[in-house]
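Below you'll find the structure, written out as structure tokens, and then a few comments.
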Amino acid sequence: MSLLIKNGEIVTPGWRAVADIYCEDETITAIGTGLDAPAGTEVIDAAGQYVFPGFIDPHVHIHLPFMGTVTKDTHATGSRAALIGGTTTYIEMMAPSRTEDLMDAYTQWQGLAAGNSACDYTFHIGVSRFDDQTEAQLRTIVADGMTSFKVFLAYKGFFGVSDEELYQTLVLAKELGVIVTAHCENSGIISQLQERFLAEGKTGPEWHEPSRPVAVEAEGTNHFAAFLEATGARGYVVHLSNERALEAAVAARQRGVPLAIAAVMSPPLRERSDGAALWNALAQGIIDTVGTDHAPFDFEAQKSMGKGDFTKIPNGMPAIEDRANLLYTYGVSRGAMTLERFVAAASTRAAQLFDLYPRKGTVAVGSDADLVVYDPSYRGTISAATHHMNVDYSAFEGVAIDGRPSTVTVRGAVAVRDGEFVGDPGRGRLLRRGPSQGANRS
Ligand code: URP
Ligand code: ZN
Ligand code: ZN
């Protein structure tokens with residue numbers, strides 16, 4: 001199997017040039033101008049389009065049993081939608097509850113994905129308690145190539161860990177060289193506010209945001225940073241929705257805490273001024289990545305579980321298909337973000353942080369041939385009527401986009417052509433990571 005992508009403008013965070021990319025089997029084997037290819041090679045003319053490294057979504061939920069229900073996508077539907085949006089690798093949060101056995105969960109989450117994903121995938125390992133068995137189990141899982149953990153400071157009693165468990169998880173992560181991703185919200189304040197609002201008859205969805213004010217997130221971010229400081233572990237804040245939390249993360253970094261930051265849509269959407277601060281930090285590279293926190297719950301049958309009690313609305317929204325197009329449109333096309341920074345946020349930084357680089361996240365000889373030919377002349381509108389995620393609403397209904405992937409490849413095989421999925425539904429592979437797998441980090 002060979003593929004030649006000709007005349008596109010290749011963009012990575014470090015360089016850009018109009019050139020050809022030749023791929024043999026699963027990898028990029030040559031980059032240059034005027035490349036020839038043997039007979040039988042599929043040739044794609046990318047003139048007038050960009051060629052980006054396949055995008056990486058560092059935070060998705062495909063299977064998420066949460067708040068009495070389960071997300072709607074399967075790996076079959078989620079990976080197709082991801083690919084149509086240019087995402088060739090996603091990192092799923094394996095999220096067992098406190099009562100589940102970690103090894104059972106690891107087997108279950110892998111089993112749901114195996115053979116069912118059209119794009120490559122790997123897992124952040126959710127640590128929801130730290131008991132006598134957890135350390136040995138985590139050592140086994142890390143040796144198996146899953147080199148990132150996930151902890152929740154929120155959702156105490158279900159996903160959330162205690163301070164002692166957080167500390168123990170970080171000590172182990174430091175020893176193993178594993179990065180710990182964290183949902184940083186102060187659980188105690190949220191539950192007290194929820195209780196108070198419900199008692200006052202404030203039960204509608206408009207009380208969701210006030211029950212999680214910005215201070216809750218700023219405290220959570222600061223709290224996590226303090227634990228990183230005490231243990232020396234590396235961390236990654238998975239949600240950042242406001243300027244106060246951003247300041248807490250930046251202050252921690254200035255103290256030398258190794259903390260990466262991601263922007264997503266939830267915890268609650270905030271003020272426009274918060275949005276502007278986050279876009280600005282993203283354009284400057286202060287925020288490293290943009291993950292979707294894709295959590296597809298249907299509007300009709302699932303979000304409605306919270307009618308009359310906002311604390312019962314399953315949290316999360318679908319976005320796996322829309323992330324890169326929104327980032328390109330409102331960051332690059334209509335914003336001040338450079339294309340290089342766009343590629344870093346959509347792909348390269350996630351690969352570097354999560355032990356996938358340079359196999360993923362760049363356009364280089366020897367890297368996997370995961371490529372996005374991106375058409376900046378495309379104009380469209382996001383809608384649930386046309387999206388591919390298995391969910392009955394779009395959080396971005398009617399929002400315009402200024403570009404889209406025209407062709408997407410997964411390890412050298414075309415998965416999307418003219419914006420439509422044409423790939424092998426089972427091509428996706430589990431990506432084992434870290435030193436035991438010979439991966440590099442930078
Ligand atoms: O509201 C959200 N983010 N739902 C998904 C679960 C999580 O917090 O990651
Ligand atoms: Zn979260
Ligand atoms: Zn999440």
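By order in the structure tokens, chains are A, B, ...; within a chain, residues start at 1; ligands start at 1, following the order shown.
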task: Pull the strand (DSSP E) assignments for range 21-263 of chain A out of DSSP run on the backbone, and list those residues as a PyMOL selection string.
output: chain A and resi 21-24+27-32+42-45+50-53+55-60+65-66+69-70+87-94+120-126+148-152+179-183+235-237+259-263
- prompt: Just asking: which residues within range 190-429 of chain A are alpha helix (DSSP H) according to DSSP, as an MDAnalysis selection string?
  reply: chainID A and resid 190:199 214:231 243:254 272:284 323:327 339:343 349:353
How close does range 82-153 of chain A get to range 408-428 of chain A? List, as JSON lines, each residue of range 82-153 of chain A within 8 Å, its nearest atom pair and the distance in Å to one decimal, counting only C-alpha atoms.
{"residue": "A:Leu83", "atom": "CA", "partner": "A:Val408", "partner_atom": "CA", "distance": 6.9}
{"residue": "A:Ile84", "atom": "CA", "partner": "A:Gly419", "partner_atom": "CA", "distance": 6.1}
{"residue": "A:Gly86", "atom": "CA", "partner": "A:Val408", "partner_atom": "CA", "distance": 6.2}
{"residue": "A:Thr88", "atom": "CA", "partner": "A:Val410", "partner_atom": "CA", "distance": 6.3}
{"residue": "A:Gly115", "atom": "CA", "partner": "A:Gly426", "partner_atom": "CA", "distance": 4.8}
{"residue": "A:Asn116", "atom": "CA", "partner": "A:Gly426", "partner_atom": "CA", "distance": 5.0}
{"residue": "A:Ser117", "atom": "CA", "partner": "A:Gly428", "partner_atom": "CA", "distance": 4.8}
{"residue": "A:Ala118", "atom": "CA", "partner": "A:Pro425", "partner_atom": "CA", "distance": 4.5}
{"residue": "A:Cys119", "atom": "CA", "partner": "A:Gly428", "partner_atom": "CA", "distance": 4.1}
{"residue": "A:Asp120", "atom": "CA", "partner": "A:Gly428", "partner_atom": "CA", "distance": 4.2}
{"residue": "A:Tyr121", "atom": "CA", "partner": "A:Gly428", "partner_atom": "CA", "distance": 6.8}
task: Check every protein, DNA and RNA residue against ligand 2, keep those with an atom at most 10 Å away (counting only C-alpha atoms and all ligand atoms), and present them as a PyMOL selection string.
output: chain A and resi 59-61+93+150-155+159+181-185+237-240+264+266-267+293+295+315-316
task: Can you work out which one of A:Ile141, A:Val70, A:Leu326, A:Ala400 has the shortest atom-to-atom distance to Leu102 in chain A, counting only C-alpha atoms?
output: A:Ile141
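Proximity of A:Phe123, A:Tyr106, A:Tyr90, A:Phe297 to ligand 1, computed with only C-alpha atoms and all ligand atoms, is greatest for A:Phe297.
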- request: Choose the residue, out of A:Lys72, A:Arg98, A:His294, A:Arg212, that has the smallest atom-to-atom separation from ligand 3; count only C-alpha atoms and all ligand atoms.
  value: A:His294
query: Of the residues A:Ala245, A:Val363, A:Val332, A:Ile261, which is the one nearest to Thr348 in chain A, using only C-alpha atoms?
result: A:Val363
